[in-house]
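A.B. asks: Take this structure first; my questions come after.
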Amino acid sequence: MLLTSYEFLGFLAVLLVLYYLVPRGFQWKLLLAASYLFYFVAGPLFPLYILVTTATTYLVSCRIEGIGRRQSVYLKENKGSLSKEEKKAYKQKNKTAQWRWMLACLLFNLGILAVVKYGNFAISNINGLVQALGGRGEFGLLGIIVPMGISFYTFQSMGYLIDVYRGVVPAERNFFRLALFVSFFPQLIQGPISRFGDLSQTLFSEHPFEGKTLCLGLQRVLWGYFKKLVVADRVVTGITTITRGGISEYEGAYVFVGMMFYALQLYADFTGGIDITIGVAQAMGIRVAENFNRPFFSKSIKEYWNRWHMTMGSWFTDYIFYPISVCKPMLKFSKFARAHFGEAVGKRMPVYLSSFAVWSATGIWHGASWNFIVWGLANWVVIMISQELEPLYARFHGRFSVQGKWGFKLFQVLRTILLMSSLRIFDCYRDVGTAFRMFGTLFTRWNWQILWDGSLLELGLSGLDYGILAAGLLMMVLVSLVQRTGSVREKIAARPYPVRFLLWYGLFLLVLLMGAYGVGYDASQFIYNQF
Amino acid sequence: MEELLEILNDLHPDVDFETCDSLIDDKILDSFDIVTIIAEVNDRFDVTISAEKITPENFNSAEALYALIQELEDED
């Protein structure tokens, strides 16, 4: 069931009516049933996967908390009789037991993810390697359909388990409540990756009907549809022409156009999808974490990654980057490197190596293919280079007082957009060799006249399409600018009724009339749906 | 405390670590800074700050961080 389908709209309408009709204590149970139905429609076997992850996470989290509880009781009962060393040894023994349980559950669930999502990728590479060595290399591929949103719900569950282990949140004793946290349908498709401590605050509460909450939620859904249907799905034709058909024909400036188109599509598609997710949740009074903070206004790539797909970024930071960078072996290695390779090298080791792990994981998380891995590592290289250049930047700013000036900020923003779009080329072409070759043609084939000689009208996009895309882009930029001082919907809500009506009805009409559907168009899957 | 302030000042000479109590909330320290601080603390104080101790409460001020170091030293 696509979020952009009539089936989904029907499903949502029925659910909203029922949600506010049933007794309030039953609301979250209804959501659980709806989420499993949603998942069942996506694939009849999919609920089985999510159920296995939920059950193992539930059992292990309860077990971990049980060990902690028994420890508290034991220490309380033997307060006077245990020496400091005995207490320490007892705590250590329990911590090890908890860690083992957590590790087993993590490996089991990440193992499912690895087999289902990356099994065929591994088999293809093994076949390739065997063939390169002169063998036959004919291992058969797995015939498994990747369950929708498996990365999202696996990461979300594993984040919860680690939080229980760390004592950040108590283990949820009600299996069905945990099942809803893992399967909450709006975020199954493309995130955000919620934390139990945040989402549980409103997910299980009773929500009386409030017209304003419902309206604000649905307005955000509408804005999401605008981005997805009017902008993202329209520009996709141009990208497909440039990157998929007759590649050698579309070199040089076409590559640049493709990069810009892709940046627009990805932003409109992903943020539009998240708007729909957060809006649907808000319509039911549930608060889901924000995933974007105007990323294309970032002044550096590091800042960009703090503002784009924020819940994934913080997940990787909290559960991969920190544990690796501050673990005892890493700190020992850092000391060793300081002693043998100098202070400067040793100091950098924890950050460099853990970032490498994070960006490799980020790359592979985005897809089971080499282009995504190379894309992740390219991000790592750029971030590390900019980290190393910081003293140089500081010297530059000490000499020239441009910092904070409007023109310089604009330069930084445009530089970041260009840099990020260049890195995304691995995503556009889906093949590492082709991506490098096409990027090279930007400098070897000088055909920038295509920007004004009418060639762009031969990419499957008409003049009207370009007009709509330009208007859509302008609207998104304007909304982002207004957002800096607070919620745009709240600001509109404070306007007189005719203004509000005109704005929202106008947007509705735009989606209806300008949305990319009908003959020749097919409302496509959200890009992040495949993760 | 002096030694900790020295580590912090080396990292960000422009920040007044004696008074600032929103190092994380105001995004003055980022994840790279935190890891660098932990490696330095490990080197000079011989205590290990584990990943679960990386919270805004522990890293928002030099004072809070120093309290954490003392707590870890006591545990050892």
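Convention: chains lettered A, B, ... in structure tokens order; per-chain residue numbering from 1; ligands numbered from 1 as shown.
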Please find the residues of chain A near chain B - the criterion being any atom within 8 Å, counting only C-alpha atoms - and write them as number ranges by chain.
C.D. replies: A: 166, 317-318, 322-323, 325-328, 331, 334-335, 347-348, 350-351
A.B. asks: Excluding segment 7-12 of chain B and residues on its chain fewer than 3 positions from it, collect all residues at most 9 Å away from it, counting only C-alpha atoms, and give them as a VMD selection string.
C.D. replies: chain B and resid 2 to 4 15 to 17 28 to 29 33 36 to 37 40 to 41 62
A.B. asks: Pick out the closest residue to Gln70 of chain B from this set: B:Asp14, B:Met1, B:Thr19, B:Arg44. Count only C-alpha atoms.
C.D. replies: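 Checking each candidate against Gln70 of chain B, we get B:Met1 as the closest.
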A.B. asks: Need to verify the contact set: Val168 of chain A, 12 Å, only C-alpha atoms, exclusion of same-chain residues closer than 4 positions in sequence. Can you return it as a VMD selection string?
C.D. replies: (chain A and resid 65 159 to 164 195 to 198) or (chain B and resid 52 to 55)
A.B. asks: Restricted to C-alpha atoms, what would the selected residues look like written as a PDB file, in the first residue's frame?
C.D. replies:
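Written out: out_34.pdb:
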```
ATOM      1  CA  GLU A  65      16.052  -5.660  33.417  1.00  0.00           C
ATOM      2  CA  GLY A 159      18.181   1.075  19.835  1.00  0.00           C
ATOM      3  CA  TYR A 160      15.488   0.307  22.414  1.00  0.00           C
ATOM      4  CA  LEU A 161      17.340  -2.824  23.583  1.00  0.00           C
ATOM      5  CA  ILE A 162      20.620  -0.916  24.011  1.00  0.00           C
ATOM      6  CA  ASP A 163      18.772   1.829  25.890  1.00  0.00           C
ATOM      7  CA  VAL A 164      17.353  -0.786  28.284  1.00  0.00           C
ATOM      8  CA  ARG A 195      13.610   6.285  20.464  1.00  0.00           C
ATOM      9  CA  PHE A 196      11.327   4.496  22.900  1.00  0.00           C
ATOM     10  CA  GLY A 197      11.783   7.250  25.498  1.00  0.00           C
ATOM     11  CA  ASP A 198      10.437   9.845  23.035  1.00  0.00           C
TER      12      ASP A 198
ATOM     13  CA  GLU B  52      26.620   5.035  28.139  1.00  0.00           C
ATOM     14  CA  LYS B  53      28.066   7.892  30.208  1.00  0.00           C
ATOM     15  CA  ILE B  54      28.030  10.191  27.174  1.00  0.00           C
ATOM     16  CA  THR B  55      24.952  12.202  28.034  1.00  0.00           C
TER      17      THR B  55
END
```
A.B. asks: Enter the distance from atom CA of Leu510 of chain A to atom CA of Asp269 of chain A, in Å, rounded to one decimal.
C.D. replies: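 So the two atoms, atom CA of Leu510 of chain A and atom CA of Asp269 of chain A, lie 16.7 Å apart.
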